[in-house]
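Structure file work31.cif (mmCIF, C-alpha atoms and all ligand atoms) follows.
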```cif
data_protein
#
loop_
_atom_site.label_atom_id
_atom_site.label_comp_id
_atom_site.auth_asym_id
_atom_site.auth_seq_id
_atom_site.Cartn_x
_atom_site.Cartn_y
_atom_site.Cartn_z
CA MET K 1 -11.35 -3.70 -8.21
CA VAL K 2 -10.07 -1.42 -10.98
CA TYR K 3 -6.51 -2.35 -10.41
CA SER K 4 -6.62 -6.11 -10.24
CA MET K 5 -7.58 -6.35 -13.89
CA ILE K 6 -5.04 -3.74 -14.96
CA GLU K 7 -2.25 -5.51 -13.10
CA ASP K 8 -2.61 -8.56 -15.33
CA LEU K 9 -2.30 -6.76 -18.65
CA SER K 10 0.71 -6.52 -20.94
CA LEU K 11 1.67 -3.05 -22.17
CA GLU K 12 0.09 -3.72 -25.58
CA GLN K 13 -3.12 -4.92 -23.95
CA PHE K 14 -3.21 -1.94 -21.64
CA LEU K 15 -2.85 0.53 -24.53
CA ALA K 16 -5.50 -1.33 -26.56
CA HIS K 17 -7.98 -1.47 -23.66
CA PHE K 18 -7.64 2.12 -22.56
CA PRO K 19 -6.92 4.34 -25.55
CA SER K 20 -8.93 7.31 -24.23
CA GLU K 21 -10.44 9.01 -21.21
CA LYS K 22 -13.86 7.67 -22.23
CA THR K 23 -12.75 4.04 -22.26
CA CYS K 24 -11.44 4.51 -18.70
CA ALA K 25 -14.73 6.08 -17.57
CA ASP K 26 -16.71 3.28 -19.26
CA TYR K 27 -14.57 0.73 -17.49
CA LEU K 28 -15.15 2.39 -14.09
CA LEU K 29 -18.88 2.49 -14.83
CA GLN K 30 -18.87 -1.23 -15.57
CA CYS K 31 -16.94 -1.99 -12.35
CA LYS K 32 -19.16 0.21 -10.20
CA TRP K 33 -22.55 -0.81 -11.56
CA PRO K 34 -22.21 -4.04 -13.56
CA ASN K 35 -26.01 -4.37 -13.65
CA GLY K 36 -26.82 -0.71 -14.17
CA PHE K 37 -27.08 2.26 -11.81
CA VAL K 38 -27.98 1.66 -8.16
CA CYS K 39 -28.35 4.70 -5.90
CA PRO K 40 -25.87 4.30 -3.01
CA ARG K 41 -28.31 6.05 -0.68
CA CYS K 42 -31.76 4.65 -1.52
CA GLY K 43 -31.12 1.78 -3.94
CA HIS K 44 -33.20 3.31 -6.73
CA ARG K 45 -32.29 2.09 -10.20
CA HIS K 46 -32.73 5.20 -12.29
CA ALA K 47 -30.50 8.27 -12.50
CA TYR K 48 -30.14 11.44 -14.53
CA GLN K 49 -26.71 11.79 -15.96
CA THR K 50 -24.96 15.14 -16.28
CA SER K 51 -22.30 15.09 -18.92
CA THR K 52 -21.27 18.72 -18.84
CA ARG K 53 -18.50 17.93 -16.38
CA ARG K 54 -15.22 16.24 -17.14
CA LEU K 55 -16.54 13.10 -15.47
CA PRO K 56 -20.26 12.25 -15.62
CA LEU K 57 -22.31 12.97 -12.51
CA PHE K 58 -25.26 10.71 -11.64
CA GLU K 59 -28.28 12.11 -9.84
CA CYS K 60 -30.74 9.62 -8.39
CA ALA K 61 -34.20 10.12 -9.92
CA HIS K 62 -35.80 9.27 -6.59
CA CYS K 63 -33.80 10.93 -3.79
CA ARG K 64 -31.64 13.35 -5.84
CA HIS K 65 -28.45 11.99 -4.29
CA GLN K 66 -25.49 12.79 -6.53
CA THR K 67 -22.60 10.46 -7.07
CA SER K 68 -19.70 10.04 -9.48
CA LEU K 69 -17.66 7.16 -10.82
CA THR K 70 -14.68 7.86 -8.60
CA VAL K 71 -16.48 8.11 -5.23
CA GLY K 72 -15.00 5.55 -2.84
CA THR K 73 -11.86 5.00 -4.94
CA VAL K 74 -8.38 6.49 -4.60
CA MET K 75 -9.35 8.76 -7.53
CA GLU K 76 -12.18 10.47 -5.63
CA GLY K 77 -12.09 14.25 -6.04
CA THR K 78 -9.20 14.11 -8.50
CA HIS K 79 -8.47 16.68 -11.19
CA THR K 80 -6.04 14.34 -12.90
CA PRO K 81 -7.42 12.55 -16.00
CA LEU K 82 -8.47 8.95 -15.40
CA ARG K 83 -6.13 7.70 -18.09
CA LYS K 84 -3.13 9.07 -16.21
CA TRP K 85 -4.37 7.31 -13.07
CA PHE K 86 -4.86 4.07 -14.96
CA THR K 87 -1.37 4.37 -16.40
CA ALA K 88 -0.03 4.92 -12.86
CA PHE K 89 -1.84 1.76 -11.65
CA PHE K 90 -0.36 -0.14 -14.56
CA LEU K 91 3.18 1.11 -13.98
CA VAL K 92 3.08 0.57 -10.21
CA SER K 93 2.06 -3.02 -10.79
CA GLN K 94 4.49 -3.86 -13.56
CA THR K 95 7.82 -4.16 -11.84
CA SER K 96 8.80 -5.71 -8.58
CA ASN K 97 10.46 -2.41 -7.75
CA GLY K 98 7.51 -0.08 -8.30
CA ILE K 99 8.17 3.41 -9.54
CA ASN K 100 9.15 6.72 -7.96
CA ALA K 101 7.43 10.09 -8.39
CA LEU K 102 10.09 11.53 -10.70
CA GLN K 103 9.86 8.58 -13.08
CA LEU K 104 6.05 8.64 -13.02
CA SER K 105 5.87 12.41 -13.60
CA ARG K 106 7.95 12.06 -16.77
CA ILE K 107 5.98 9.12 -18.16
CA ILE K 108 2.45 10.44 -17.62
CA GLU K 109 3.44 14.10 -18.04
CA VAL K 110 2.25 15.57 -14.76
CA THR K 111 4.11 17.67 -12.21
CA TYR K 112 6.29 15.94 -9.66
CA LYS K 113 3.81 17.00 -6.98
CA THR K 114 0.88 15.36 -8.79
CA ALA K 115 2.86 12.18 -9.43
CA TRP K 116 3.84 12.06 -5.77
CA LEU K 117 0.21 12.47 -4.72
CA LEU K 118 -0.98 9.71 -7.08
CA LEU K 119 1.62 7.30 -5.70
CA HIS K 120 0.79 8.37 -2.15
CA LYS K 121 -2.90 7.54 -2.67
CA ILE K 122 -2.14 4.22 -4.36
CA ARG K 123 0.15 3.40 -1.45
CA GLN K 124 -2.67 4.24 0.99
CA ALA K 125 -4.89 1.70 -0.78
CA MET K 126 -2.11 -0.87 -0.55
CA SER K 127 -1.72 -0.07 3.18
CA GLU K 128 -5.43 -0.60 3.82
CA SER K 129 -5.22 -3.91 2.01
CA VAL K 130 -2.22 -5.02 4.09
CA ASP K 131 -3.80 -3.86 7.36
CA SER K 132 -7.05 -5.66 6.65
CA VAL K 133 -5.31 -9.02 7.12
CA LEU K 134 -3.97 -10.10 10.53
CA LEU K 135 -1.00 -12.37 11.06
CA SER K 136 -2.15 -15.84 11.98
CA GLY K 137 -1.00 -19.37 12.75
CA PHE K 138 2.72 -19.69 13.44
CA ILE K 139 4.10 -16.17 13.83
CA HIS K 140 7.61 -14.77 14.12
CA VAL K 141 8.40 -11.14 14.96
CA ASN K 142 11.88 -9.60 15.03
CA ALA K 143 13.09 -6.10 15.91
CA ALA K 144 14.83 -4.19 13.10
CA CYS K 145 15.86 -0.66 12.30
CA TYR K 146 15.61 1.43 9.14
CA GLY K 147 18.31 4.05 8.70
CA ARG K 148 22.04 4.25 9.02
CA PRO K 149 23.38 1.92 11.66
CA TYR K 150 24.37 4.31 14.41
CA ASN K 151 25.35 1.82 16.94
CA PRO K 152 27.81 3.11 19.51
CA THR K 153 25.18 3.67 22.16
CA LEU K 154 21.70 2.51 22.89
CA GLN K 155 20.46 6.08 22.46
CA LYS K 156 18.20 6.30 19.44
CA HIS K 157 19.66 8.44 16.65
CA PRO K 158 17.21 10.81 14.85
CA LYS K 159 17.84 8.99 11.56
CA GLU K 160 17.15 5.59 13.03
CA HIS K 161 13.64 4.25 12.73
CA PRO K 162 13.12 1.15 14.84
CA LEU K 163 10.40 -1.21 13.76
CA LEU K 164 9.05 -4.72 14.10
CA VAL K 165 9.05 -7.21 11.23
CA GLY K 166 6.39 -9.88 11.69
CA ALA K 167 5.37 -12.81 9.52
CA SER K 168 3.00 -15.74 9.35
CA MET K 169 5.21 -18.75 8.65
CA ASN K 170 4.12 -21.83 6.72
CA ALA K 171 4.94 -25.46 7.50
CA GLU K 172 8.25 -25.13 5.59
CA ASP K 173 9.24 -22.24 7.86
CA GLU K 174 8.89 -19.72 5.04
CA PRO K 175 7.20 -16.35 5.60
CA VAL K 176 3.93 -16.15 3.67
CA TYR K 177 2.49 -12.90 4.94
CA VAL K 178 4.59 -10.03 6.24
CA LYS K 179 3.96 -6.88 8.22
CA MET K 180 6.50 -4.22 9.08
CA LYS K 181 5.47 -1.60 11.57
CA GLN K 182 7.37 1.45 12.69
CA LEU K 183 7.62 1.89 16.42
CA PRO K 184 6.45 5.10 18.09
CA HIS K 185 8.57 8.23 17.83
CA ALA K 186 9.70 8.06 21.41
CA PRO K 187 13.02 7.85 23.19
CA LEU K 188 14.30 4.32 22.88
CA GLN K 189 17.22 3.74 25.15
CA GLN K 190 16.62 0.22 26.29
CA LYS K 191 18.38 -2.78 24.91
CA TYR K 192 15.02 -4.36 24.14
CA VAL K 193 11.96 -3.07 22.34
CA PRO K 194 9.63 -2.20 25.24
CA ARG K 195 6.95 -4.68 26.08
CA ALA K 196 4.17 -2.13 25.68
CA TRP K 197 5.12 -1.78 22.01
CA THR K 198 5.21 -5.49 21.26
CA GLU K 199 1.84 -5.79 22.97
CA ALA K 200 0.48 -3.01 20.77
CA PHE K 201 1.82 -4.85 17.69
CA THR K 202 0.03 -8.01 18.79
CA ARG K 203 -3.18 -6.13 19.49
CA HIS K 204 -3.30 -4.48 16.08
CA HIS K 205 -1.68 -6.97 13.73
CA VAL K 206 -2.11 -10.48 15.11
CA GLU K 207 -5.30 -12.56 15.13
CA PRO K 208 -6.81 -13.15 18.59
CA ASP K 209 -5.78 -16.77 19.01
CA PRO K 210 -2.65 -17.64 17.03
CA SER K 211 -1.08 -21.07 17.44
CA HIS K 212 2.38 -19.66 18.26
CA VAL K 213 4.00 -16.22 18.53
CA GLU K 214 7.70 -15.67 19.01
CA PHE K 215 9.16 -12.20 19.54
CA VAL K 216 12.85 -11.35 19.30
CA THR K 217 13.03 -7.87 20.72
CA GLU K 218 16.69 -7.40 21.45
CA ARG K 219 18.17 -4.60 19.36
CA PHE K 220 21.71 -4.55 17.98
CA LYS K 221 22.12 -8.28 18.13
CA SER K 222 22.83 -10.76 15.41
CA PRO K 223 19.40 -11.82 14.29
CA LYS K 224 17.90 -15.05 15.44
CA LEU K 225 15.02 -15.04 12.99
CA LYS K 226 17.17 -14.75 9.89
CA LYS K 227 14.39 -15.10 7.33
CA LEU K 228 12.63 -12.04 8.69
CA ILE K 229 15.81 -10.04 8.70
CA SER K 230 16.59 -10.99 5.11
CA ILE K 231 13.14 -9.67 4.13
CA PHE K 232 13.98 -6.47 5.91
CA VAL K 233 17.36 -6.20 4.18
CA GLU K 234 15.54 -6.59 0.86
CA THR K 235 13.12 -3.83 1.92
CA ASN K 236 16.02 -1.52 2.74
CA ARG K 237 17.61 -2.16 -0.62
CA TRP K 238 14.31 -1.52 -2.42
CA ILE K 239 13.63 1.75 -0.57
CA ASN K 240 17.14 3.02 -1.12
CA SER K 241 17.36 2.08 -4.81
CA THR K 242 13.84 3.07 -5.95
CA PHE K 243 13.23 6.04 -3.67
CA HIS K 244 16.81 6.97 -2.78
CA GLY K 245 16.17 6.68 0.94
CA LEU K 246 13.39 8.07 3.11
CA GLY K 247 12.82 10.03 6.26
CA GLY K 248 10.61 8.72 9.01
CA ARG K 249 7.44 10.61 8.12
CA HIS K 250 6.30 8.51 5.17
CA LEU K 251 8.33 5.39 5.88
CA GLN K 252 5.34 3.36 7.06
CA GLY K 253 3.56 3.73 3.70
CA TYR K 254 6.59 2.36 1.84
CA LEU K 255 6.94 -0.51 4.30
CA ASN K 256 3.29 -1.33 3.59
CA GLU K 257 3.89 -1.18 -0.16
CA PHE K 258 6.69 -3.69 0.23
CA CYS K 259 4.46 -6.00 2.30
CA TYR K 260 1.73 -5.64 -0.32
CA ARG K 261 4.11 -6.63 -3.11
CA PHE K 262 5.41 -9.51 -1.02
CA LYS K 263 1.86 -10.78 -0.60
CA SER K 264 1.02 -10.30 -4.27
CA LYS K 265 4.07 -12.24 -5.36
CA LYS K 266 3.13 -15.11 -3.07
CA ALA K 267 -0.58 -15.13 -3.83
CA GLU K 268 -0.28 -14.51 -7.57
CA HIS K 269 -3.13 -12.07 -7.42
CA SER K 270 -3.71 -8.74 -5.88
CA TYR K 271 -5.86 -7.25 -3.19
CA LEU K 272 -5.36 -3.62 -4.07
ZN ZN C 1 -31.49 7.61 -4.35
#
```

Translate the structure of the given file into structure tokens.
Ligand SMILES: [Zn+2]
Amino acid sequence: MVYSMIEDLSLEQFLAHFPSEKTCADYLLQCKWPNGFVCPRCGHRHAYQTSTRRLPLFECAHCRHQTSLTVGTVMEGTHTPLRKWFTAFFLVSQTSNGINALQLSRIIEVTYKTAWLLLHKIRQAMSESVDSVLLSGFIHVNAACYGRPYNPTLQKHPKEHPLLVGASMNAEDEPVYVKMKQLPHAPLQQKYVPRAWTEAFTRHHVEPDPSHVEFVTERFKSPKLKKLISIFVETNRWINSTFHGLGGRHLQGYLNEFCYRFKSKKAEHSYL
């Protein structure tokens, strides 16, 4: 909710809209309660506001439940000023490449660790958005692998991260919605992605009754579903140029960010 409006602003507009911490808090207040306070627990319409804290705290006049403007958002419990968060939302949305933690830490003047955490939380919100939509209709899924191509044997190398790239295809055979999912950290010695894993992908990421699903599960083979593989090649390039490569631990979040951006580009608006 906060982000979709920020994503559409130019830099000048962003600076004019959010010159201070208070303007950011006012904006959150307007998003959260457009028609005035509503207690999330009992629905009462009146609250006492405590302004001694950095962010106002609202205490329901009826049931005494306390709530703040950031509850239920990626900013919940944060010590980082709202304006720095808003600037991070703006920067993440502005380029097709996103931004890395080092760049963000310099621009909004926070530590690298804080910048990393902000981006991590924003990426979690993007992941939830991506996971809330299932692939549907005409679906293609192809095996792929992130990491250096260690190919002499079928034995999985520690720096290889096998995954499945799936997409809903439109009538022109173009992918319109993409999901990339890492496969379990388990020995993978077969020539094909095991059936149990493709079944798990279907269970979690495909609608119950799609019109068509085609899996290409053979690894180390010239790709049959070339459009999916070209999306994956683009993902690799993006991860390696913006984030200078990744290990397996956080890879899934970055894959989700890519899928989120892919969707946003297609849909012209955002679901973050
Ligand atoms: Zn209440």

task = Enumerate as a list in words the residues within 6 Å of ligand ZN 1 (chain C), counting only C-alpha atoms and all ligand atoms.
result = Cys39, Arg41, Cys42, Gly43, His44, Cys60, His62, Cys63, Arg64 and His65 of chain K

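Put simply, atom CA of K:Leu134 is 5.0 Å away from atom CA of K:Val206.
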
message = Which residues are near K:Glu76? Cut-off 12 Å, only C-alpha atoms, ignore same chain within fewer than 2 positions. Put them as a ChimeraX atom specification.
response = /K:55,67-74,78-82,85,118,121-122

key: Nearest-residue call for K:Val213, choices K:Gly36, K:Gly253, K:Pro162, K:Gly137, using all atoms listed in the file   = K:Gly137

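Among the candidates K:Gln13, K:Ile231, K:Ala115, K:Tyr254, the residue lying nearest to K:Pro175 is K:Ile231 (atoms considered: only C-alpha atoms).
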
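Each of K:Thr202, K:Asn256, K:Ser168, K:Ser51 was compared to K:Phe138 using all atoms listed in the file, and K:Ser168 turns out to be the nearest.
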